[in-house]
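**Student:** Just dropping this structure here.
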Amino acid sequence: MNRQLTPPACLLEPLPAYREYPQTEMVDRARAFYGDLVRRRTVRDFDTRPVPREVIETCLLAAGTAPSGANQQPWFFSVITNPEHKRRVREAAEVEERSFYQERAPQEWLDALAPLGTDWNKPFLEAAPVLIAIFAQKYGVHRDGPLKGEKFSHYYVPESVGIAAGFLIAALHHAGLATLTHTPNPMSFLNKLCGRPSSEKAVILLVVGYPKPGCQVPVHGGIKKPLDQIAAWM
Ligand code: IYR
């Protein structure tokens with residue numbers, strides 16, 4: 001990996017658009033935000049109705065505001081809506097999932113999944129109007145300049161992409177869309193299907209759409225740990 005010939009200098013600007021709220025308003029806002037997020041449930045039964053492209057694009061912009069190692073933004077989102085492409089994703093995912101559920105998964109893992117009722121069959125990959133393949137860029141490639149085409153290191157890639165994915169899920173939920181954080185294992189078939197380079201690793205296939213009317217979800221998914229189990233004050 002090459003150093004940049006002359007690293008760019010640190011330019012500063014006044015903190016833009018920060019807002020401080022009075023304490024009571026802060027509490028209200030924190031509660032309202034939690035109240036909205038706590039309503040989110042992972043959905044596996046999607047309506048086929050299309051969703052507005054502008055909503056997806058705006059949510060992707062929201063995801064793109066996530067903090068990342070050295071602000072390198074080491075993510076890429078491939079948005080799949082074409083029915084033939086979705087069919088191919090389903091076909092490839094089900095090949096992997098079938099071998100996962102029937103051969104590769106240790107019993108302990110299958111036991112952990114039992115309360116979610118998942119299996120190798122993934123009809124939602126065709127039913128849902130939008131699939132977003134989230135890629136992590138293991139390293140960067142200079143796009144122009146004297147080092148064009150040369151690789152450079154990315155830092156904290158899993159953390160950065162995880163945060164961006166979290167922003168995306170929250171943004172889509174906030175906009176009124178349901179998601180499923182799907183992780184076919186392995187996911188390398190997505191590079192080929194989405195035409196992404198080998199410098200990128202697919203980490204999540206986010207399924208997006210409206211829940212089917214009468215959609216049911218596993219009770220297990222709605223049980224969240226209480227505060228004293230997820231945090232401690234010292
Ligand atoms: N990738 C499989 C299995 C699976 C694994 C975990 I960890 C989950 O939380 C849910 C499913 C599948 O998508 O079915």
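Residues in the structure tokens are named by chain (A, B, ... in the order shown) and by number from 1 within that chain; ligands are numbered from 1 in the order shown.
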With only C-alpha atoms and all ligand atoms counted, collect every polymer residue having an atom within 12 Å of ligand 1; state the result as number ranges by chain.
**Tutor:** A: 42-44, 90, 93-102, 104-106, 108-125, 180-187, 203-207, 218, 220-221
**Student:** For the structure I just gave you, how does DSSP split region 4-234 of chain A - specifically, which residues are helix (DSSP H, G or I)? Reply as a VMD selection string.
**Tutor:** chain A and resid 23 to 37 53 to 63 69 to 71 83 to 104 107 to 116 124 to 127 157 to 174 189 to 194 219 to 222 227 to 230
**Student:** When distances are computed from only C-alpha atoms, which of A:Val38, A:Glu200, A:Met26, A:Ala128 shows the smallest separation from Val51 (chain A)?
**Tutor:**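 Smallest separation from Val51 (chain A) among the options: A:Ala128.
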**Student:** For Ala165 (chain A), which residue among A:Ala232, A:Ala133, A:Leu190, A:Ile223 is the nearest when counting only C-alpha atoms?
**Tutor:** A:Ala133
**Student:** Can you pull out every residue from region 57-227 of chain A that DSSP, working from the backbone, puts in strand (DSSP E), and format the result as an mmCIF file with all heavy atoms, in the first residue's frame?
**Tutor:**
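Done, and the output landed in result.cif:
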data_model
loop_
_atom_site.group_PDB
_atom_site.id
_atom_site.type_symbol
_atom_site.label_atom_id
_atom_site.label_comp_id
_atom_site.auth_asym_id
_atom_site.auth_seq_id
_atom_site.Cartn_x
_atom_site.Cartn_y
_atom_site.Cartn_z
ATOM 1 N N TRP A 75 -17.950 1.607 1.979
ATOM 2 C CA TRP A 75 -19.169 0.828 1.721
ATOM 3 C C TRP A 75 -19.651 1.072 0.313
ATOM 4 O O TRP A 75 -19.340 2.092 -0.318
ATOM 5 C CB TRP A 75 -20.259 1.225 2.728
ATOM 6 C CG TRP A 75 -20.372 2.704 2.973
ATOM 7 C CD1 TRP A 75 -20.764 3.673 2.081
ATOM 8 C CD2 TRP A 75 -20.070 3.410 4.181
ATOM 9 N NE1 TRP A 75 -20.735 4.917 2.658
ATOM 10 C CE2 TRP A 75 -20.314 4.782 3.948
ATOM 11 C CE3 TRP A 75 -19.629 3.012 5.448
ATOM 12 C CZ2 TRP A 75 -20.124 5.759 4.931
ATOM 13 C CZ3 TRP A 75 -19.443 4.010 6.412
ATOM 14 C CH2 TRP A 75 -19.695 5.353 6.149
ATOM 15 N N PHE A 76 -20.410 0.125 -0.183
ATOM 16 C CA PHE A 76 -21.091 0.317 -1.462
ATOM 17 C C PHE A 76 -22.420 -0.426 -1.390
ATOM 18 O O PHE A 76 -22.497 -1.528 -0.854
ATOM 19 C CB PHE A 76 -20.252 -0.201 -2.648
ATOM 20 C CG PHE A 76 -20.831 0.236 -3.958
ATOM 21 C CD1 PHE A 76 -20.514 1.479 -4.500
ATOM 22 C CD2 PHE A 76 -21.750 -0.572 -4.636
ATOM 23 C CE1 PHE A 76 -21.084 1.907 -5.694
ATOM 24 C CE2 PHE A 76 -22.322 -0.148 -5.828
ATOM 25 C CZ PHE A 76 -21.986 1.088 -6.357
ATOM 26 N N PHE A 77 -23.464 0.212 -1.928
ATOM 27 C CA PHE A 77 -24.809 -0.356 -1.857
ATOM 28 C C PHE A 77 -25.291 -0.661 -3.276
ATOM 29 O O PHE A 77 -25.440 0.255 -4.090
ATOM 30 C CB PHE A 77 -25.774 0.641 -1.185
ATOM 31 C CG PHE A 77 -25.332 1.074 0.189
ATOM 32 C CD1 PHE A 77 -24.565 2.230 0.372
ATOM 33 C CD2 PHE A 77 -25.658 0.321 1.305
ATOM 34 C CE1 PHE A 77 -24.150 2.627 1.637
ATOM 35 C CE2 PHE A 77 -25.244 0.711 2.583
ATOM 36 C CZ PHE A 77 -24.491 1.871 2.746
ATOM 37 N N SER A 78 -25.525 -1.922 -3.564
ATOM 38 C CA SER A 78 -26.104 -2.280 -4.872
ATOM 39 C C SER A 78 -27.595 -2.507 -4.666
ATOM 40 O O SER A 78 -27.992 -3.380 -3.886
ATOM 41 C CB SER A 78 -25.473 -3.562 -5.418
ATOM 42 O OG SER A 78 -24.170 -3.298 -5.876
ATOM 43 N N VAL A 79 -28.402 -1.721 -5.366
ATOM 44 C CA VAL A 79 -29.858 -1.793 -5.199
ATOM 45 C C VAL A 79 -30.436 -2.658 -6.310
ATOM 46 O O VAL A 79 -30.300 -2.339 -7.490
ATOM 47 C CB VAL A 79 -30.472 -0.378 -5.245
ATOM 48 C CG1 VAL A 79 -31.975 -0.445 -4.981
ATOM 49 C CG2 VAL A 79 -29.792 0.543 -4.228
ATOM 50 N N ILE A 80 -31.059 -3.750 -5.909
ATOM 51 C CA ILE A 80 -31.561 -4.723 -6.884
ATOM 52 C C ILE A 80 -33.086 -4.672 -6.882
ATOM 53 O O ILE A 80 -33.721 -4.952 -5.855
ATOM 54 C CB ILE A 80 -31.079 -6.144 -6.501
ATOM 55 C CG1 ILE A 80 -29.550 -6.150 -6.357
ATOM 56 C CG2 ILE A 80 -31.545 -7.182 -7.524
ATOM 57 C CD1 ILE A 80 -29.014 -7.355 -5.605
ATOM 58 N N VAL A 130 -37.316 -4.477 -3.205
ATOM 59 C CA VAL A 130 -35.933 -3.966 -3.223
ATOM 60 C C VAL A 130 -35.019 -4.862 -2.372
ATOM 61 O O VAL A 130 -35.361 -5.206 -1.243
ATOM 62 C CB VAL A 130 -35.871 -2.520 -2.646
ATOM 63 C CG1 VAL A 130 -34.433 -2.028 -2.532
ATOM 64 C CG2 VAL A 130 -36.679 -1.554 -3.502
ATOM 65 N N LEU A 131 -33.884 -5.212 -2.949
ATOM 66 C CA LEU A 131 -32.816 -5.868 -2.185
ATOM 67 C C LEU A 131 -31.614 -4.930 -2.242
ATOM 68 O O LEU A 131 -31.271 -4.438 -3.323
ATOM 69 C CB LEU A 131 -32.418 -7.211 -2.818
ATOM 70 C CG LEU A 131 -33.549 -8.205 -3.142
ATOM 71 C CD1 LEU A 131 -32.967 -9.438 -3.858
ATOM 72 C CD2 LEU A 131 -34.299 -8.607 -1.881
ATOM 73 N N ILE A 132 -31.027 -4.678 -1.097
ATOM 74 C CA ILE A 132 -29.823 -3.833 -1.100
ATOM 75 C C ILE A 132 -28.649 -4.696 -0.634
ATOM 76 O O ILE A 132 -28.589 -5.112 0.534
ATOM 77 C CB ILE A 132 -29.975 -2.600 -0.181
ATOM 78 C CG1 ILE A 132 -31.216 -1.775 -0.585
ATOM 79 C CG2 ILE A 132 -28.714 -1.732 -0.246
ATOM 80 C CD1 ILE A 132 -31.475 -0.561 0.320
ATOM 81 N N ALA A 133 -27.750 -4.974 -1.557
ATOM 82 C CA ALA A 133 -26.535 -5.718 -1.199
ATOM 83 C C ALA A 133 -25.533 -4.704 -0.658
ATOM 84 O O ALA A 133 -25.186 -3.736 -1.347
ATOM 85 C CB ALA A 133 -25.974 -6.440 -2.417
ATOM 86 N N ILE A 134 -25.113 -4.925 0.585
ATOM 87 C CA ILE A 134 -24.180 -3.993 1.224
ATOM 88 C C ILE A 134 -22.778 -4.595 1.153
ATOM 89 O O ILE A 134 -22.537 -5.697 1.672
ATOM 90 C CB ILE A 134 -24.571 -3.712 2.685
ATOM 91 C CG1 ILE A 134 -26.035 -3.237 2.756
ATOM 92 C CG2 ILE A 134 -23.620 -2.698 3.317
ATOM 93 C CD1 ILE A 134 -26.523 -2.931 4.172
ATOM 94 N N PHE A 135 -21.892 -3.881 0.492
ATOM 95 C CA PHE A 135 -20.515 -4.347 0.313
ATOM 96 C C PHE A 135 -19.568 -3.547 1.199
ATOM 97 O O PHE A 135 -19.714 -2.326 1.337
ATOM 98 C CB PHE A 135 -20.072 -4.177 -1.143
ATOM 99 C CG PHE A 135 -20.785 -5.092 -2.095
ATOM 100 C CD1 PHE A 135 -21.969 -4.694 -2.715
ATOM 101 C CD2 PHE A 135 -20.282 -6.356 -2.375
ATOM 102 C CE1 PHE A 135 -22.634 -5.538 -3.593
ATOM 103 C CE2 PHE A 135 -20.941 -7.207 -3.253
ATOM 104 C CZ PHE A 135 -22.115 -6.794 -3.864
ATOM 105 N N ALA A 136 -18.598 -4.254 1.765
ATOM 106 C CA ALA A 136 -17.518 -3.615 2.516
ATOM 107 C C ALA A 136 -16.299 -3.554 1.590
ATOM 108 O O ALA A 136 -15.926 -4.576 1.001
ATOM 109 C CB ALA A 136 -17.200 -4.435 3.754
ATOM 110 N N GLN A 137 -15.709 -2.376 1.481
ATOM 111 C CA GLN A 137 -14.521 -2.238 0.624
ATOM 112 C C GLN A 137 -13.291 -2.530 1.465
ATOM 113 O O GLN A 137 -12.895 -1.722 2.299
ATOM 114 C CB GLN A 137 -14.483 -0.833 0.014
ATOM 115 C CG GLN A 137 -15.698 -0.607 -0.882
ATOM 116 C CD GLN A 137 -15.792 0.798 -1.464
ATOM 117 O OE1 GLN A 137 -15.412 1.766 -0.805
ATOM 118 N NE2 GLN A 137 -16.313 0.909 -2.672
ATOM 119 N N TYR A 139 -10.239 -2.607 0.809
ATOM 120 C CA TYR A 139 -9.219 -1.562 0.607
ATOM 121 C C TYR A 139 -9.740 -0.624 -0.469
ATOM 122 O O TYR A 139 -10.700 -0.939 -1.186
ATOM 123 C CB TYR A 139 -7.859 -2.165 0.217
ATOM 124 C CG TYR A 139 -7.929 -3.134 -0.941
ATOM 125 C CD1 TYR A 139 -7.882 -2.677 -2.259
ATOM 126 C CD2 TYR A 139 -8.043 -4.510 -0.719
ATOM 127 C CE1 TYR A 139 -7.943 -3.557 -3.324
ATOM 128 C CE2 TYR A 139 -8.115 -5.401 -1.774
ATOM 129 C CZ TYR A 139 -8.066 -4.918 -3.078
ATOM 130 O OH TYR A 139 -8.143 -5.797 -4.130
ATOM 131 N N GLY A 140 -9.115 0.558 -0.544
ATOM 132 C CA GLY A 140 -9.521 1.532 -1.558
ATOM 133 C C GLY A 140 -8.616 1.447 -2.771
ATOM 134 O O GLY A 140 -7.527 0.861 -2.704
ATOM 135 N N VAL A 141 -9.067 2.007 -3.850
ATOM 136 C CA VAL A 141 -8.261 2.077 -5.071
ATOM 137 C C VAL A 141 -8.311 3.536 -5.521
ATOM 138 O O VAL A 141 -9.400 4.098 -5.674
ATOM 139 C CB VAL A 141 -8.828 1.147 -6.170
ATOM 140 C CG1 VAL A 141 -7.967 1.232 -7.429
ATOM 141 C CG2 VAL A 141 -8.904 -0.304 -5.673
ATOM 142 N N LYS A 151 -3.696 0.580 -4.781
ATOM 143 C CA LYS A 151 -4.512 0.302 -3.591
ATOM 144 C C LYS A 151 -4.074 1.166 -2.417
ATOM 145 O O LYS A 151 -2.905 1.514 -2.308
ATOM 146 C CB LYS A 151 -4.325 -1.163 -3.172
ATOM 147 C CG LYS A 151 -4.790 -2.155 -4.201
ATOM 148 C CD LYS A 151 -4.411 -3.560 -3.740
ATOM 149 C CE LYS A 151 -4.812 -4.582 -4.781
ATOM 150 N NZ LYS A 151 -4.391 -5.933 -4.409
ATOM 151 N N PHE A 152 -5.015 1.476 -1.532
ATOM 152 C CA PHE A 152 -4.665 2.076 -0.241
ATOM 153 C C PHE A 152 -5.502 1.428 0.861
ATOM 154 O O PHE A 152 -6.594 0.928 0.603
ATOM 155 C CB PHE A 152 -4.822 3.606 -0.254
ATOM 156 C CG PHE A 152 -6.210 4.106 -0.554
ATOM 157 C CD1 PHE A 152 -7.112 4.374 0.480
ATOM 158 C CD2 PHE A 152 -6.634 4.318 -1.858
ATOM 159 C CE1 PHE A 152 -8.392 4.842 0.228
ATOM 160 C CE2 PHE A 152 -7.923 4.780 -2.135
ATOM 161 C CZ PHE A 152 -8.800 5.056 -1.102
ATOM 162 N N SER A 153 -4.944 1.442 2.083
ATOM 163 C CA SER A 153 -5.601 0.743 3.203
ATOM 164 C C SER A 153 -6.879 1.444 3.622
ATOM 165 O O SER A 153 -6.960 2.674 3.624
ATOM 166 C CB SER A 153 -4.672 0.702 4.416
ATOM 167 O OG SER A 153 -3.498 0.022 4.096
ATOM 168 N N ALA A 178 -40.270 -1.775 5.881
ATOM 169 C CA ALA A 178 -39.807 -2.892 6.699
ATOM 170 C C ALA A 178 -38.534 -3.457 6.077
ATOM 171 O O ALA A 178 -38.332 -3.359 4.857
ATOM 172 C CB ALA A 178 -40.884 -3.971 6.765
ATOM 173 N N THR A 179 -37.700 -4.063 6.917
ATOM 174 C CA THR A 179 -36.458 -4.652 6.408
ATOM 175 C C THR A 179 -36.221 -6.027 7.028
ATOM 176 O O THR A 179 -36.760 -6.356 8.087
ATOM 177 C CB THR A 179 -35.219 -3.779 6.759
ATOM 178 O OG1 THR A 179 -35.142 -3.610 8.165
ATOM 179 C CG2 THR A 179 -35.269 -2.431 6.073
ATOM 180 N N LEU A 180 -35.409 -6.775 6.341
ATOM 181 C CA LEU A 180 -34.856 -8.018 6.873
ATOM 182 C C LEU A 180 -33.351 -7.966 6.642
ATOM 183 O O LEU A 180 -32.896 -7.773 5.505
ATOM 184 C CB LEU A 180 -35.447 -9.229 6.137
ATOM 185 C CG LEU A 180 -34.678 -10.547 6.275
ATOM 186 C CD1 LEU A 180 -34.619 -11.015 7.716
ATOM 187 C CD2 LEU A 180 -35.303 -11.623 5.401
ATOM 188 N N THR A 181 -32.602 -8.104 7.708
ATOM 189 C CA THR A 181 -31.141 -8.130 7.600
ATOM 190 C C THR A 181 -30.764 -9.569 7.283
ATOM 191 O O THR A 181 -30.650 -10.405 8.180
ATOM 192 C CB THR A 181 -30.507 -7.673 8.933
ATOM 193 O OG1 THR A 181 -31.139 -6.460 9.333
ATOM 194 C CG2 THR A 181 -29.026 -7.448 8.783
ATOM 195 N N HIS A 182 -30.613 -9.843 6.005
ATOM 196 C CA HIS A 182 -30.388 -11.213 5.566
ATOM 197 C C HIS A 182 -28.890 -11.424 5.340
ATOM 198 O O HIS A 182 -28.212 -10.540 4.823
ATOM 199 C CB HIS A 182 -31.186 -11.446 4.274
ATOM 200 C CG HIS A 182 -31.099 -12.842 3.755
ATOM 201 N ND1 HIS A 182 -31.155 -13.948 4.569
ATOM 202 C CD2 HIS A 182 -30.967 -13.316 2.489
ATOM 203 C CE1 HIS A 182 -31.056 -15.026 3.832
ATOM 204 N NE2 HIS A 182 -30.936 -14.673 2.566
ATOM 205 N N GLU A 200 -14.172 -5.878 -2.816
ATOM 206 C CA GLU A 200 -15.354 -5.682 -1.967
ATOM 207 C C GLU A 200 -15.898 -7.025 -1.492
ATOM 208 O O GLU A 200 -15.876 -8.008 -2.222
ATOM 209 C CB GLU A 200 -16.447 -4.929 -2.744
ATOM 210 C CG GLU A 200 -16.006 -3.527 -3.130
ATOM 211 C CD GLU A 200 -17.088 -2.709 -3.810
ATOM 212 O OE1 GLU A 200 -18.224 -3.207 -3.999
ATOM 213 O OE2 GLU A 200 -16.792 -1.552 -4.159
ATOM 214 N N LYS A 201 -16.420 -7.010 -0.262
ATOM 215 C CA LYS A 201 -16.989 -8.234 0.322
ATOM 216 C C LYS A 201 -18.433 -7.929 0.701
ATOM 217 O O LYS A 201 -18.684 -6.974 1.444
ATOM 218 C CB LYS A 201 -16.164 -8.582 1.571
ATOM 219 C CG LYS A 201 -16.621 -9.790 2.347
ATOM 220 C CD LYS A 201 -15.715 -9.903 3.580
ATOM 221 C CE LYS A 201 -16.052 -10.932 4.593
ATOM 222 N NZ LYS A 201 -17.130 -11.804 4.495
ATOM 223 N N ALA A 202 -19.362 -8.711 0.194
ATOM 224 C CA ALA A 202 -20.769 -8.522 0.556
ATOM 225 C C ALA A 202 -20.946 -8.929 2.013
ATOM 226 O O ALA A 202 -20.499 -10.008 2.417
ATOM 227 C CB ALA A 202 -21.653 -9.362 -0.337
ATOM 228 N N VAL A 203 -21.562 -8.071 2.801
ATOM 229 C CA VAL A 203 -21.721 -8.389 4.229
ATOM 230 C C VAL A 203 -23.173 -8.543 4.662
ATOM 231 O O VAL A 203 -23.455 -9.259 5.618
ATOM 232 C CB VAL A 203 -20.986 -7.377 5.147
ATOM 233 C CG1 VAL A 203 -19.487 -7.545 5.021
ATOM 234 C CG2 VAL A 203 -21.379 -5.943 4.851
ATOM 235 N N ILE A 204 -24.073 -7.852 3.980
ATOM 236 C CA ILE A 204 -25.500 -7.945 4.321
ATOM 237 C C ILE A 204 -26.308 -7.822 3.036
ATOM 238 O O ILE A 204 -25.976 -7.030 2.151
ATOM 239 C CB ILE A 204 -25.928 -6.809 5.289
ATOM 240 C CG1 ILE A 204 -25.305 -6.993 6.674
ATOM 241 C CG2 ILE A 204 -27.450 -6.715 5.412
ATOM 242 C CD1 ILE A 204 -25.484 -5.805 7.610
ATOM 243 N N LEU A 205 -27.352 -8.613 2.951
ATOM 244 C CA LEU A 205 -28.324 -8.436 1.877
ATOM 245 C C LEU A 205 -29.594 -7.933 2.572
ATOM 246 O O LEU A 205 -30.286 -8.706 3.241
ATOM 247 C CB LEU A 205 -28.559 -9.772 1.167
ATOM 248 C CG LEU A 205 -29.513 -9.758 -0.021
ATOM 249 C CD1 LEU A 205 -29.075 -8.765 -1.095
ATOM 250 C CD2 LEU A 205 -29.623 -11.155 -0.634
ATOM 251 N N LEU A 206 -29.839 -6.624 2.440
ATOM 252 C CA LEU A 206 -30.975 -6.026 3.150
ATOM 253 C C LEU A 206 -32.214 -6.120 2.261
ATOM 254 O O LEU A 206 -32.209 -5.624 1.135
ATOM 255 C CB LEU A 206 -30.653 -4.566 3.489
ATOM 256 C CG LEU A 206 -31.519 -3.935 4.576
ATOM 257 C CD1 LEU A 206 -31.278 -4.610 5.934
ATOM 258 C CD2 LEU A 206 -31.232 -2.439 4.685
ATOM 259 N N VAL A 207 -33.231 -6.769 2.779
ATOM 260 C CA VAL A 207 -34.484 -6.944 2.042
ATOM 261 C C VAL A 207 -35.418 -5.828 2.490
ATOM 262 O O VAL A 207 -35.582 -5.610 3.696
ATOM 263 C CB VAL A 207 -35.084 -8.338 2.343
ATOM 264 C CG1 VAL A 207 -36.321 -8.585 1.504
ATOM 265 C CG2 VAL A 207 -34.037 -9.428 2.125
ATOM 266 N N VAL A 208 -36.006 -5.112 1.530
ATOM 267 C CA VAL A 208 -36.754 -3.890 1.861
ATOM 268 C C VAL A 208 -38.108 -3.879 1.167
ATOM 269 O O VAL A 208 -38.210 -4.198 -0.025
ATOM 270 C CB VAL A 208 -35.967 -2.637 1.406
ATOM 271 C CG1 VAL A 208 -36.679 -1.360 1.865
ATOM 272 C CG2 VAL A 208 -34.532 -2.658 1.911
ATOM 273 N N GLY A 209 -39.131 -3.484 1.894
ATOM 274 C CA GLY A 209 -40.456 -3.335 1.273
ATOM 275 C C GLY A 209 -41.523 -3.102 2.315
ATOM 276 O O GLY A 209 -41.226 -2.762 3.466
#
**Student:** Interatomic distance between CA of Val157 (chain A) and CA of Leu60 (chain A)?
**Tutor:**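 We find that CA of Val157 (chain A) and CA of Leu60 (chain A) lie 17.8 Å from each other.
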**Student:** Could you state the separation of CA of Lys86 (chain A) and CA of Leu177 (chain A) in Å, given to one decimal place?
**Tutor:**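 CA of Leu177 (chain A) lies at a distance of 18.5 Å from CA of Lys86 (chain A).
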**Student:** Would you mind telling me which residue in A:Asp36, A:Glu20, A:Glu91, A:Asp45 lies nearest to Leu193 (chain A) when using only C-alpha atoms?
**Tutor:**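 Going through A:Asp36, A:Glu20, A:Glu91, A:Asp45 one by one, the smallest distance to Leu193 (chain A) is for A:Glu91.
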**Student:** Any idea what the distance is between CA of Ser199 (chain A) and CA of Gly162 (chain A)?
**Tutor:**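 We find that CA of Ser199 (chain A) and CA of Gly162 (chain A) lie 17.5 Å from each other.
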**Student:** Which residue out of A:Gln4, A:Tyr18, A:Asp47, A:Gly222 has the minimum interatomic distance to Leu147 (chain A) when only C-alpha atoms are used?
**Tutor:**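 Result for the nearest residue to Leu147 (chain A): A:Gln4.
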